file my_file_27.cif (mmCIF, C-alpha atoms and all ligand atoms)
data_coords
loop_
_atom_site.label_atom_id
_atom_site.label_comp_id
_atom_site.auth_asym_id
_atom_site.auth_seq_id
_atom_site.Cartn_x
_atom_site.Cartn_y
_atom_site.Cartn_z
CA MET A 1 13.92 -55.09 -61.29
CA PHE A 2 13.19 -56.44 -64.70
CA PRO A 3 16.48 -58.06 -65.63
CA THR A 4 16.49 -61.83 -65.22
CA GLU A 5 18.43 -64.80 -66.49
CA ARG A 6 15.16 -66.69 -66.83
CA PHE A 7 14.64 -65.63 -70.46
CA ARG A 8 18.20 -66.40 -71.59
CA ASN A 9 18.13 -68.67 -74.68
CA LYS A 10 14.38 -69.19 -74.25
CA HIS A 11 12.33 -69.32 -77.44
CA ILE A 12 9.63 -66.68 -77.15
CA LEU A 13 6.96 -66.28 -79.80
CA VAL A 14 5.37 -62.84 -79.90
CA GLY A 15 2.06 -62.47 -81.75
CA ILE A 16 0.81 -59.01 -82.66
CA THR A 17 -2.75 -58.34 -83.80
CA GLY A 18 -4.38 -55.20 -85.17
CA GLY A 19 -4.79 -52.39 -82.69
CA ILE A 20 -3.26 -49.03 -81.91
CA ALA A 21 -1.33 -50.62 -79.01
CA ALA A 22 0.65 -52.71 -81.52
CA TYR A 23 3.52 -50.23 -81.26
CA LYS A 24 3.98 -51.20 -77.60
CA ALA A 25 4.99 -54.72 -78.67
CA ALA A 26 8.23 -53.18 -79.92
CA GLU A 27 9.30 -52.44 -76.33
CA LEU A 28 8.48 -55.99 -75.28
CA VAL A 29 10.61 -57.50 -78.05
CA ARG A 30 13.43 -55.12 -77.21
CA TYR A 31 13.33 -56.16 -73.56
CA LEU A 32 13.38 -59.87 -74.45
CA ILE A 33 16.35 -59.43 -76.77
CA GLN A 34 18.18 -57.57 -73.99
CA GLN A 35 17.56 -60.58 -71.73
CA GLU A 36 19.14 -62.76 -74.45
CA ALA A 37 15.92 -64.53 -75.41
CA GLU A 38 15.40 -65.90 -78.93
CA VAL A 39 12.39 -64.04 -80.29
CA ARG A 40 10.20 -64.66 -83.33
CA VAL A 41 7.38 -62.31 -84.22
CA VAL A 42 4.15 -63.21 -85.98
CA MET A 43 1.88 -60.40 -87.15
CA THR A 44 -1.61 -60.35 -88.60
CA SER A 45 -2.22 -58.20 -91.68
CA ALA A 46 -4.17 -55.75 -89.49
CA ALA A 47 -1.17 -55.46 -87.13
CA GLY A 48 0.94 -54.53 -90.14
CA LYS A 49 -1.27 -51.48 -90.68
CA PHE A 50 -0.34 -50.16 -87.21
CA ILE A 51 3.35 -51.07 -86.99
CA SER A 52 5.77 -51.99 -89.70
CA PRO A 53 7.06 -55.59 -89.86
CA LEU A 54 10.44 -53.99 -90.55
CA THR A 55 10.43 -52.48 -87.04
CA MET A 56 9.76 -55.84 -85.48
CA GLU A 57 12.24 -57.58 -87.78
CA THR A 58 14.97 -55.12 -86.79
CA LEU A 59 14.24 -55.47 -83.07
CA SER A 60 13.84 -59.26 -83.05
CA GLN A 61 16.80 -59.78 -85.41
CA HIS A 62 14.72 -62.19 -87.49
CA ALA A 63 12.28 -62.15 -90.38
CA VAL A 64 8.70 -61.52 -89.26
CA ALA A 65 6.10 -64.15 -90.16
CA THR A 66 2.95 -62.64 -91.65
CA ASP A 67 1.60 -64.97 -94.35
CA LEU A 68 0.24 -68.47 -94.17
CA PHE A 69 1.41 -68.99 -97.75
CA PRO A 70 4.38 -66.65 -98.27
CA GLU A 71 5.61 -66.17 -101.80
CA ASN A 72 9.13 -67.39 -102.58
CA ALA A 73 9.36 -69.48 -99.41
CA PHE A 74 8.61 -73.05 -98.47
CA SER A 75 5.50 -72.81 -96.35
CA GLY A 76 4.36 -76.43 -95.93
CA THR A 77 4.77 -76.74 -92.13
CA HIS A 78 5.68 -73.14 -91.41
CA HIS A 79 3.02 -72.74 -88.71
CA ILE A 80 3.83 -76.04 -87.00
CA ASN A 81 7.55 -75.27 -86.95
CA LEU A 82 6.98 -72.04 -85.05
CA ALA A 83 4.45 -73.63 -82.69
CA ASP A 84 6.88 -76.45 -81.89
CA TRP A 85 9.80 -74.06 -81.53
CA ALA A 86 8.24 -71.87 -78.80
CA ASP A 87 8.98 -72.30 -75.07
CA ALA A 88 6.47 -69.56 -74.26
CA ALA A 89 4.21 -67.34 -76.32
CA ILE A 90 2.41 -64.06 -75.94
CA ILE A 91 -0.15 -62.19 -78.02
CA ALA A 92 0.18 -58.47 -77.29
CA PRO A 93 -1.96 -56.69 -78.15
CA ALA A 94 -4.69 -59.31 -78.52
CA SER A 95 -7.75 -57.94 -80.32
CA TYR A 96 -11.41 -58.76 -79.67
CA ASP A 97 -11.29 -60.67 -82.93
CA VAL A 98 -8.33 -62.93 -82.12
CA ILE A 99 -9.68 -63.81 -78.66
CA GLY A 100 -12.97 -64.80 -80.29
CA LYS A 101 -11.11 -66.93 -82.83
CA LEU A 102 -9.02 -68.67 -80.16
CA TYR A 103 -12.19 -69.47 -78.20
CA SER A 104 -14.02 -70.75 -81.27
CA GLY A 105 -11.11 -72.72 -82.66
CA ILE A 106 -10.89 -70.68 -85.84
CA ALA A 107 -7.55 -70.77 -87.67
CA ASP A 108 -7.85 -68.64 -90.79
CA ASP A 109 -4.52 -66.83 -90.92
CA LEU A 110 -0.92 -67.54 -89.94
CA LEU A 111 -1.22 -66.27 -86.35
CA THR A 112 -4.37 -68.19 -85.46
CA THR A 113 -3.08 -71.30 -87.26
CA ILE A 114 0.14 -71.20 -85.21
CA TRP A 115 -1.86 -70.72 -82.02
CA ALA A 116 -4.06 -73.68 -82.94
CA ALA A 117 -0.94 -75.84 -82.80
CA ILE A 118 0.86 -74.21 -79.88
CA HIS A 119 1.58 -76.39 -76.84
CA CYS A 120 3.61 -74.07 -74.60
CA PRO A 121 2.29 -71.62 -71.96
CA THR A 122 0.60 -68.65 -73.62
CA VAL A 123 -0.03 -65.15 -72.34
CA ILE A 124 -2.85 -63.12 -73.89
CA ALA A 125 -2.77 -59.36 -73.35
CA PRO A 126 -6.06 -57.87 -74.61
CA ALA A 127 -6.30 -54.28 -75.82
CA MET A 128 -9.45 -52.72 -77.22
CA ASN A 129 -12.19 -50.16 -76.73
CA VAL A 130 -13.87 -50.21 -73.30
CA ASN A 131 -17.24 -51.22 -74.77
CA MET A 132 -15.67 -54.10 -76.65
CA TRP A 133 -13.90 -55.08 -73.41
CA ASN A 134 -17.20 -55.03 -71.51
CA ASN A 135 -18.96 -57.11 -74.15
CA PRO A 136 -20.19 -60.30 -72.42
CA ILE A 137 -19.18 -62.34 -75.44
CA LEU A 138 -15.57 -61.30 -74.97
CA GLN A 139 -15.76 -61.87 -71.21
CA ARG A 140 -17.16 -65.35 -71.75
CA ASN A 141 -14.36 -66.09 -74.24
CA ILE A 142 -11.74 -64.95 -71.71
CA ASP A 143 -13.31 -67.01 -68.90
CA GLU A 144 -13.38 -70.13 -71.04
CA LEU A 145 -9.85 -69.67 -72.38
CA SER A 146 -8.59 -69.06 -68.82
CA LYS A 147 -10.08 -72.40 -67.80
CA LEU A 148 -8.01 -73.97 -70.58
CA GLY A 149 -4.83 -72.52 -69.07
CA TYR A 150 -4.32 -69.35 -71.13
CA LEU A 151 -2.78 -66.64 -68.94
CA PHE A 152 -4.65 -63.34 -69.36
CA CYS A 153 -2.70 -60.21 -68.56
CA PRO A 154 -5.49 -57.70 -67.90
CA PRO A 155 -5.73 -54.37 -69.72
CA GLU A 156 -5.48 -51.11 -67.81
CA GLU A 157 -7.94 -48.36 -67.20
CA GLY A 158 -6.94 -45.06 -68.75
CA PHE A 159 -7.08 -42.73 -71.72
CA LEU A 160 -8.05 -44.60 -74.90
CA ALA A 161 -7.23 -43.74 -78.50
CA GLU A 162 -10.95 -42.91 -78.95
CA GLY A 163 -10.40 -39.81 -76.83
CA TYR A 164 -12.12 -40.94 -73.65
CA SER A 165 -11.16 -43.03 -70.63
CA GLY A 166 -12.05 -46.61 -69.79
CA LYS A 167 -10.63 -50.08 -69.36
CA GLY A 168 -8.97 -51.48 -72.45
CA ARG A 169 -5.46 -50.06 -72.69
CA LEU A 170 -2.80 -52.70 -73.25
CA ALA A 171 -1.13 -53.65 -69.95
CA PRO A 172 2.14 -51.79 -69.35
CA LEU A 173 5.40 -53.48 -70.28
CA GLU A 174 6.18 -54.57 -66.73
CA HIS A 175 2.87 -56.44 -66.46
CA LEU A 176 3.49 -58.22 -69.76
CA ILE A 177 6.92 -59.24 -68.47
CA GLN A 178 5.51 -60.34 -65.11
CA TYR A 179 3.14 -62.69 -66.96
CA LEU A 180 5.78 -63.91 -69.42
CA TYR A 181 8.10 -64.58 -66.50
CA ARG A 182 5.33 -66.79 -65.12
CA ALA A 183 4.95 -68.49 -68.50
CA VAL A 184 8.64 -69.47 -68.65
CA HIS A 185 8.80 -70.50 -65.00
CA PRO A 186 10.07 -74.05 -64.50
CA ALA A 187 7.92 -74.55 -61.35
CA PRO A 188 4.72 -72.69 -62.23
CA SER A 189 2.58 -74.41 -59.63
CA SER A 190 4.99 -75.00 -56.76
CA LEU A 191 3.07 -72.52 -54.56
CA SER A 192 -0.33 -72.90 -56.21
CA ILE A 193 -2.32 -73.36 -53.04
CA LYS A 194 -0.22 -71.01 -50.94
CA LYS A 195 -0.91 -67.51 -49.72
CA VAL A 196 2.24 -65.43 -49.67
CA LEU A 197 2.58 -62.12 -47.84
CA VAL A 198 5.50 -59.88 -48.80
CA THR A 199 6.70 -56.59 -47.31
CA ALA A 200 8.92 -54.40 -49.46
CA GLY A 201 10.81 -51.13 -49.50
CA LYS A 202 11.53 -48.59 -46.84
CA THR A 203 9.42 -46.92 -44.19
CA GLU A 204 9.35 -43.17 -43.55
CA GLU A 205 9.09 -41.84 -39.99
CA PRO A 206 7.93 -38.21 -39.87
CA ILE A 207 9.98 -35.69 -37.89
CA ASP A 208 7.79 -32.77 -38.91
CA PRO A 209 5.49 -32.15 -41.92
CA VAL A 210 8.41 -31.91 -44.36
CA ARG A 211 11.13 -34.20 -42.99
CA VAL A 212 11.38 -37.93 -42.44
CA ILE A 213 13.79 -40.57 -41.16
CA SER A 214 14.14 -43.25 -43.78
CA ASN A 215 16.67 -45.53 -45.47
CA ARG A 216 17.97 -46.35 -48.94
CA SER A 217 15.83 -49.41 -49.70
CA SER A 218 14.26 -49.19 -53.18
CA GLY A 219 11.86 -52.12 -52.78
CA LYS A 220 13.44 -54.06 -55.68
CA MET A 221 14.20 -57.20 -53.66
CA GLY A 222 10.71 -57.24 -52.14
CA LEU A 223 9.06 -56.75 -55.51
CA ALA A 224 11.18 -59.58 -56.91
CA MET A 225 9.85 -61.80 -54.09
CA ALA A 226 6.28 -60.83 -54.98
CA TRP A 227 6.85 -61.54 -58.72
CA GLU A 228 8.47 -64.87 -57.94
CA ALA A 229 5.62 -65.98 -55.69
CA PHE A 230 3.14 -64.92 -58.39
CA ALA A 231 5.08 -66.87 -61.04
CA ARG A 232 4.85 -69.96 -58.83
CA GLY A 233 1.08 -69.66 -58.73
CA ALA A 234 0.69 -68.24 -55.20
CA SER A 235 -1.96 -65.77 -54.21
CA VAL A 236 0.15 -62.75 -53.24
CA LYS A 237 -0.36 -59.78 -50.94
CA LEU A 238 2.21 -57.03 -51.01
CA ILE A 239 2.65 -54.31 -48.38
CA HIS A 240 5.15 -51.64 -49.32
CA GLY A 241 6.53 -48.32 -48.21
CA PRO A 242 7.20 -45.29 -50.43
CA MET A 243 8.83 -46.36 -53.71
CA VAL A 244 8.98 -45.34 -57.34
CA LEU A 245 8.76 -48.80 -58.88
CA PRO A 246 5.65 -49.72 -60.89
CA HIS A 247 3.05 -51.85 -59.15
CA PRO A 248 2.80 -55.51 -60.08
CA VAL A 249 -0.47 -56.80 -61.50
CA ASP A 250 -2.97 -59.29 -60.05
CA MET A 251 -2.01 -59.10 -56.41
CA GLU A 252 -3.45 -57.24 -53.44
CA ILE A 253 -1.28 -54.22 -52.67
CA VAL A 254 -1.33 -52.06 -49.54
CA GLU A 255 0.76 -48.89 -49.41
CA ILE A 256 1.99 -47.64 -46.05
CA ALA A 257 4.48 -45.02 -44.87
CA THR A 258 5.55 -45.69 -41.27
CA ALA A 259 6.73 -48.79 -39.41
CA GLU A 260 3.62 -48.61 -37.22
CA GLU A 261 1.34 -48.54 -40.31
CA MET A 262 3.20 -51.53 -41.73
CA TYR A 263 2.81 -53.34 -38.41
CA GLN A 264 -0.95 -52.74 -38.33
CA VAL A 265 -1.43 -54.11 -41.87
CA VAL A 266 0.87 -57.09 -41.31
CA LYS A 267 -1.00 -57.92 -38.08
CA LYS A 268 -4.23 -58.04 -40.08
CA LEU A 269 -2.95 -60.06 -43.05
CA TYR A 270 -0.36 -62.31 -41.40
CA PRO A 271 -2.76 -64.81 -39.76
CA GLU A 272 -4.06 -65.84 -43.19
CA CYS A 273 -0.72 -66.31 -44.95
CA ASP A 274 1.26 -69.51 -45.42
CA ILE A 275 4.56 -67.77 -46.14
CA PHE A 276 5.65 -64.35 -44.92
CA ALA A 277 8.65 -62.78 -46.68
CA SER A 278 9.73 -59.75 -44.66
CA SER A 279 11.85 -57.97 -47.24
CA ALA A 280 11.07 -54.44 -46.05
CA ALA A 281 13.75 -52.28 -44.46
CA VAL A 282 11.69 -51.21 -41.47
CA ALA A 283 12.86 -48.26 -39.37
CA ASP A 284 14.06 -49.41 -35.96
CA TYR A 285 13.36 -45.98 -34.44
CA THR A 286 10.79 -43.28 -34.91
CA PRO A 287 10.76 -39.70 -33.58
CA ALA A 288 9.31 -39.83 -30.09
CA GLY A 289 7.06 -36.86 -30.70
CA PRO A 290 6.74 -35.80 -34.36
CA VAL A 291 5.66 -32.19 -34.46
CA SER A 292 2.90 -30.76 -36.60
CA ARG A 293 4.82 -27.59 -37.57
CA LYS A 294 8.07 -27.36 -39.50
CA ILE A 295 11.13 -27.23 -37.20
CA LYS A 296 12.95 -23.95 -37.84
CA LYS A 297 16.71 -23.54 -38.06
CA LYS A 298 18.44 -22.22 -34.93
CA GLU A 299 22.05 -21.57 -33.97
CA ALA A 300 22.03 -24.23 -31.25
CA ASP A 301 22.39 -28.00 -31.71
CA LEU A 302 19.20 -29.95 -32.31
CA THR A 303 18.56 -33.24 -30.56
CA LEU A 304 15.86 -35.60 -31.78
CA GLU A 305 14.42 -38.08 -29.34
CA LEU A 306 13.69 -41.47 -30.92
CA SER A 307 11.61 -44.36 -29.66
CA PRO A 308 11.98 -47.96 -30.84
CA THR A 309 9.41 -49.32 -33.31
CA VAL A 310 7.84 -52.76 -33.05
CA ASP A 311 9.99 -55.51 -34.56
CA ILE A 312 7.27 -56.75 -36.94
CA LEU A 313 9.02 -59.94 -37.99
CA LYS A 314 9.88 -60.89 -34.41
CA ASP A 315 6.25 -60.38 -33.45
CA CYS A 316 5.20 -62.68 -36.33
CA GLY A 317 7.79 -65.26 -35.23
CA GLU A 318 6.34 -65.23 -31.72
CA ASN A 319 2.77 -65.63 -33.00
CA ARG A 320 3.18 -68.16 -35.77
CA THR A 321 0.74 -70.96 -36.31
CA SER A 322 1.88 -74.42 -37.37
CA GLY A 323 2.68 -74.65 -41.04
CA GLN A 324 3.43 -70.94 -41.45
CA GLN A 325 6.87 -70.23 -42.87
CA LEU A 326 8.84 -67.06 -42.25
CA ILE A 327 11.59 -65.58 -44.39
CA GLY A 328 13.67 -62.78 -42.90
CA PHE A 329 16.23 -60.54 -44.55
CA ALA A 330 19.29 -58.98 -43.00
CA VAL A 331 21.65 -56.38 -44.35
CA GLU A 332 24.88 -56.68 -42.44
CA THR A 333 28.23 -55.00 -42.95
CA ASP A 334 29.99 -56.88 -40.13
CA SER A 335 30.13 -60.68 -39.68
CA PRO A 336 27.00 -61.15 -41.84
CA GLU A 337 26.58 -64.89 -41.35
CA GLU A 338 27.09 -64.83 -37.61
CA THR A 339 24.60 -61.99 -37.15
CA GLY A 340 22.23 -63.61 -39.65
CA ALA A 341 22.25 -66.87 -37.67
CA GLN A 342 21.52 -64.91 -34.51
CA LYS A 343 18.52 -63.12 -36.08
CA LEU A 344 17.22 -66.40 -37.56
CA ASN A 345 17.12 -67.80 -34.06
CA GLU A 346 15.93 -64.71 -32.15
CA LYS A 347 13.06 -64.00 -34.56
CA ASN A 348 12.03 -67.67 -34.80
CA LEU A 349 12.37 -67.82 -38.62
CA ASP A 350 12.57 -70.68 -41.10
CA MET A 351 15.22 -68.97 -43.15
CA ILE A 352 17.09 -65.72 -43.47
CA VAL A 353 18.64 -64.02 -46.50
CA VAL A 354 21.80 -62.17 -45.58
CA ASN A 355 23.67 -59.69 -47.70
CA ASN A 356 26.49 -57.25 -47.25
CA PRO A 357 25.89 -53.94 -49.06
CA ARG A 358 29.63 -53.34 -49.10
CA GLU A 359 30.07 -56.10 -51.69
CA LYS A 360 30.00 -54.91 -55.29
CA GLY A 361 26.76 -56.22 -56.84
CA ALA A 362 24.81 -56.33 -53.56
CA GLY A 363 22.72 -53.81 -51.69
CA PHE A 364 20.25 -51.02 -52.20
CA ASP A 365 18.69 -49.71 -55.39
CA ILE A 366 20.60 -51.92 -57.80
CA ASP A 367 19.25 -54.77 -59.92
CA THR A 368 21.53 -57.48 -58.52
CA ASN A 369 22.28 -59.00 -55.16
CA ILE A 370 24.79 -61.36 -53.53
CA VAL A 371 23.31 -63.32 -50.65
CA THR A 372 23.77 -66.20 -48.26
CA LEU A 373 20.68 -68.28 -47.52
CA MET A 374 20.50 -69.82 -44.07
CA HIS A 375 17.85 -72.28 -42.90
CA ARG A 376 16.92 -73.12 -39.33
CA ASN A 377 17.84 -76.76 -40.06
CA GLY A 378 21.45 -75.66 -40.60
CA ALA A 379 21.43 -75.67 -44.42
CA ARG A 380 23.39 -72.80 -46.03
CA GLU A 381 23.78 -71.69 -49.60
CA LYS A 382 25.93 -68.88 -50.94
CA ILE A 383 24.64 -67.23 -54.09
CA SER A 384 27.04 -65.14 -56.13
CA VAL A 385 25.92 -62.03 -57.99
CA LEU A 386 22.54 -62.50 -59.74
CA PRO A 387 19.62 -60.27 -60.80
CA LYS A 388 17.28 -59.81 -57.83
CA LEU A 389 14.51 -61.74 -59.59
CA ASP A 390 16.81 -64.76 -59.93
CA VAL A 391 17.83 -64.37 -56.28
CA ALA A 392 14.12 -64.52 -55.38
CA PHE A 393 13.83 -67.70 -57.47
CA ARG A 394 16.66 -69.28 -55.46
CA ILE A 395 15.17 -68.13 -52.14
CA PHE A 396 11.84 -69.91 -52.77
CA ASP A 397 13.63 -73.01 -54.10
CA PHE A 398 15.76 -73.08 -50.93
CA LEU A 399 12.72 -72.69 -48.67
CA LEU A 400 10.73 -75.40 -50.45
CA LYS A 401 13.71 -77.78 -50.57
CA ASN A 402 14.32 -77.44 -46.82
CA GLN A 403 10.78 -77.51 -45.55
CA SER A 404 10.14 -80.46 -43.27
N1 LIG B 1 12.25 -56.07 -39.28
C1 LIG B 1 10.94 -55.89 -38.89
N2 LIG B 1 10.60 -54.86 -38.07
C2 LIG B 1 11.53 -53.99 -37.62
C3 LIG B 1 12.88 -54.16 -38.02
C4 LIG B 1 13.20 -55.23 -38.86
O1 LIG B 1 10.07 -56.67 -39.30
N3 LIG B 1 11.18 -53.00 -36.83
C5 LIG B 1 12.57 -57.22 -40.15
C6 LIG B 1 13.10 -56.86 -41.52
O2 LIG B 1 12.04 -56.81 -42.47
C7 LIG B 1 14.06 -57.98 -41.84
C8 LIG B 1 14.54 -58.44 -40.49
O3 LIG B 1 13.62 -57.94 -39.54
O4 LIG B 1 13.42 -59.09 -42.46
C9 LIG B 1 15.92 -57.98 -40.10
O5 LIG B 1 15.99 -56.59 -40.18
P1 LIG B 1 17.34 -55.81 -39.80
O6 LIG B 1 17.09 -54.35 -39.90
O7 LIG B 1 18.51 -56.40 -40.53
O8 LIG B 1 17.54 -56.27 -38.30
P2 LIG B 1 17.14 -55.66 -36.96
O9 LIG B 1 16.48 -56.76 -36.20
O10 LIG B 1 16.40 -54.39 -37.11
O11 LIG B 1 18.57 -55.42 -36.30
P3 LIG B 1 19.73 -54.33 -36.64
O12 LIG B 1 19.09 -53.21 -37.40
O13 LIG B 1 20.24 -53.94 -35.31
O14 LIG B 1 20.75 -55.09 -37.43
#
call {"tool": "encode", "arguments": {"input": "my_file_27.cif", "output": "structure tokens", "more": "lines below"}}
Ligand code: CTP
result
Amino acid sequence: MFPTERFRNKHILVGITGGIAAYKAAELVRYLIQQEAEVRVVMTSAAGKFISPLTMETLSQHAVATDLFPENAFSGTHHINLADWADAAIIAPASYDVIGKLYSGIADDLLTTIWAAIHCPTVIAPAMNVNMWNNPILQRNIDELSKLGYLFCPPEEGFLAEGYSGKGRLAPLEHLIQYLYRAVHPAPSSLSIKKVLVTAGKTEEPIDPVRVISNRSSGKMGLAMAWEAFARGASVKLIHGPMVLPHPVDMEIVEIATAEEMYQVVKKLYPECDIFASSAAVADYTPAGPVSRKIKKKEADLTLELSPTVDILKDCGENRTSGQQLIGFAVETDSPEETGAQKLNEKNLDMIVVNNPREKGAGFDIDTNIVTLMHRNGAREKISVLPKLDVAFRIFDFLLKNQS
């Protein structure tokens, strides 16, 4: 889910401040290099006590900036050069101290001096002790900096280095990336006043307490839709079936198992949404009478009776209010575009995303997809193999371009 072309050749400045979570910045830099970003790392002297600049230099493939006045180097406009160079910036981990300095306008070392001059989107990922996190001074600083446009990627609750639990752990890598993806987004506010509802993954229909009827959907395409809507500034609600992928941050998430459970949650949340992206692979049938005891093996054949489930998307299409937009998905092995056009019409959708899992680079549980986008106004766009996140980018662009 994490690969994307969005970071390719982008200039990303990574600031690291002093804190035990500093070692986690290594994974972030590694990810960005894998996505072919240009990365420069700036570390405070306290950060250097937790992780070696050599580690970051090796991973970022460039010298690490640590001193405002480095010996044996021209340093005149060092800080301005890096600030001007960056397309997006992140401080991870960001200490109590650095957040206070950013709020107060203090620039007394290389990192804070660079950030005083920075004019690109910036993500701040705090990490500290729970009592420092709860300090109203820090919370005020975060509130004020947020108003100025800084993107705060919230810390997690969990086991702290101090030996007890609380909020303050640096956000996991995928949350940092979700926020950085937003920071490099070319249309960061294209859905800023929109409410987007996304369904993702598979459903599981119980046969008995140990067996289910399900499908091979991993939820990657649906999660990509949720990330993309978040990056465009939408308020996002995500309903998903069983999946192993990590949860996104800063969106309402409802976990369900069966098609009926998904239907009940969609029915509740759908009336309030502006855009509904139905990416989930919903079971079309469910066992007519799931039994409460495990079915035992017998010599004779076993026949399962199945009943149809509600077509959730069709129901939404029939009950749409003006202004609501519906995106359907269809996995088709035979005449994909013809069947896609039929579903677009029958389910009363604005657009449908059709793919054929038989094509190499499309389908379930892989990071890429190959799709055809079809709009009710007749517009069509074929998209050759791309990471699912970039496919999601194209889907929202297509929807927004074709809306009347
Ligand atoms: N869908 C739904 N509820 C269902 C089945 C499907 O909301 N019970 C939605 C899917 O989320 C998807 C779209 O309908 O956006 C198309 O799903 P798909 O399984 O391709 O089509 P079906 O209408 O179920 O037809 P078939 O399985 O016969 O191709």
call {"tool": "closest_atom_pairs", "arguments": {"input": "my_file_27.cif", "of": "chain A", "to": "ligand LIG 1 (chain B)", "cutoff": "8 Å", "atoms": "only C-alpha atoms and all ligand atoms", "output": "CSV"}}
result
residue,atom,partner,partner_atom,distance
A:Thr199,CA,B:LIG1,O2,7.2
A:Ala259,CA,B:LIG1,N3,6.6
A:Tyr263,CA,B:LIG1,N2,7.9
A:Ala277,CA,B:LIG1,O4,7.4
A:Ser278,CA,B:LIG1,O2,4.3
A:Ser279,CA,B:LIG1,O2,4.9
A:Ala280,CA,B:LIG1,O2,4.4
A:Ala281,CA,B:LIG1,O2,5.2
A:Val282,CA,B:LIG1,C3,4.7
A:Ala283,CA,B:LIG1,N3,5.6
A:Asp284,CA,B:LIG1,N3,4.7
A:Tyr285,CA,B:LIG1,N3,7.7
A:Pro308,CA,B:LIG1,N3,7.9
A:Thr309,CA,B:LIG1,N3,5.4
A:Val310,CA,B:LIG1,N3,5.0
A:Asp311,CA,B:LIG1,N3,3.6
A:Ile312,CA,B:LIG1,O1,3.7
A:Leu313,CA,B:LIG1,O1,3.7
A:Lys314,CA,B:LIG1,O1,6.5
A:Asp315,CA,B:LIG1,O1,7.9
A:Ile327,CA,B:LIG1,O4,7.0
A:Gly328,CA,B:LIG1,O4,3.7
A:Phe329,CA,B:LIG1,O4,3.8
A:Ala330,CA,B:LIG1,O7,3.7
A:Val331,CA,B:LIG1,O7,4.9
A:Glu332,CA,B:LIG1,O7,6.7
A:Thr339,CA,B:LIG1,O14,7.9
A:Lys343,CA,B:LIG1,O9,6.7
A:Lys347,CA,B:LIG1,O3,7.9
A:Ile352,CA,B:LIG1,O4,7.6
call {"tool": "closest_residue", "arguments": {"input": "my_file_27.cif", "among": "A:Val41, A:Val353, A:Leu173, A:Cys273", "to": "A:Ala21", "atoms": "all atoms listed in the file"}}
result
A:Leu173
call {"tool": "closest_residue", "arguments": {"input": "my_file_27.cif", "among": "A:Arg380, A:Lys267, A:Lys297, A:Lys388", "to": "A:Lys220", "atoms": "only C-alpha atoms"}}
result
A:Lys388
call {"tool": "atom_distance", "arguments": {"input": "my_file_27.cif", "atom1": "atom CA of A:Ile370", "atom2": "atom CA of A:Pro188"}}
result
24.6 Å
call {"tool": "closest_residue", "arguments": {"input": "my_file_27.cif", "among": "A:Lys202, A:Arg8, A:Arg232, A:Arg140", "to": "A:Ser104", "atoms": "only C-alpha atoms"}}
result
A:Arg140
call {"tool": "closest_residue", "arguments": {"input": "my_file_27.cif", "among": "A:Lys194, A:Lys10, A:His240, A:His175", "to": "A:Ala37", "atoms": "all atoms listed in the file"}}
result
A:Lys10
call {"tool": "atom_distance", "arguments": {"input": "my_file_27.cif", "atom1": "atom CA of A:Lys296", "atom2": "atom CA of A:Thr203"}}
result
24.1 Å
call {"tool": "atom_distance", "arguments": {"input": "my_file_27.cif", "atom1": "atom CA of A:Ala288", "atom2": "atom CA of A:Glu318"}}
result
25.6 Å
call {"tool": "residues_near_point", "arguments": {"input": "my_file_27.cif", "point": "(-3.5, -63.7, -45.1)", "cutoff": "12 Å", "atoms": "all atoms listed in the file", "output": "list in words"}}
result
Lys194, Lys195, Val196, Leu197, Val198, Ala234, Ser235, Val236, Lys237, Leu238, Ile239, Glu252, Val265, Val266, Lys267, Lys268, Leu269, Tyr270, Pro271, Glu272, Cys273, Asp274, Ile275, Phe276 and Gln324 of chain A
call {"tool": "write_last_selection", "arguments": {"input": "my_file_27.cif", "atoms": "C-alpha atoms", "output": "PDB file, in the frame of the given file"}}
result
ATOM      1  CA  LYS A 194      -0.220 -71.010 -50.940  1.00  0.00           C
ATOM      2  CA  LYS A 195      -0.910 -67.510 -49.720  1.00  0.00           C
ATOM      3  CA  VAL A 196       2.240 -65.430 -49.670  1.00  0.00           C
ATOM      4  CA  LEU A 197       2.580 -62.120 -47.840  1.00  0.00           C
ATOM      5  CA  VAL A 198       5.500 -59.880 -48.800  1.00  0.00           C
ATOM      6  CA  ALA A 234       0.690 -68.240 -55.200  1.00  0.00           C
ATOM      7  CA  SER A 235      -1.960 -65.770 -54.210  1.00  0.00           C
ATOM      8  CA  VAL A 236       0.150 -62.750 -53.240  1.00  0.00           C
ATOM      9  CA  LYS A 237      -0.360 -59.780 -50.940  1.00  0.00           C
ATOM     10  CA  LEU A 238       2.210 -57.030 -51.010  1.00  0.00           C
ATOM     11  CA  ILE A 239       2.650 -54.310 -48.380  1.00  0.00           C
ATOM     12  CA  GLU A 252      -3.450 -57.240 -53.440  1.00  0.00           C
ATOM     13  CA  VAL A 265      -1.430 -54.110 -41.870  1.00  0.00           C
ATOM     14  CA  VAL A 266       0.870 -57.090 -41.310  1.00  0.00           C
ATOM     15  CA  LYS A 267      -1.000 -57.920 -38.080  1.00  0.00           C
ATOM     16  CA  LYS A 268      -4.230 -58.040 -40.080  1.00  0.00           C
ATOM     17  CA  LEU A 269      -2.950 -60.060 -43.050  1.00  0.00           C
ATOM     18  CA  TYR A 270      -0.360 -62.310 -41.400  1.00  0.00           C
ATOM     19  CA  PRO A 271      -2.760 -64.810 -39.760  1.00  0.00           C
ATOM     20  CA  GLU A 272      -4.060 -65.840 -43.190  1.00  0.00           C
ATOM     21  CA  CYS A 273      -0.720 -66.310 -44.950  1.00  0.00           C
ATOM     22  CA  ASP A 274       1.260 -69.510 -45.420  1.00  0.00           C
ATOM     23  CA  ILE A 275       4.560 -67.770 -46.140  1.00  0.00           C
ATOM     24  CA  PHE A 276       5.650 -64.350 -44.920  1.00  0.00           C
ATOM     25  CA  GLN A 324       3.430 -70.940 -41.450  1.00  0.00           C
TER      26      GLN A 324
END
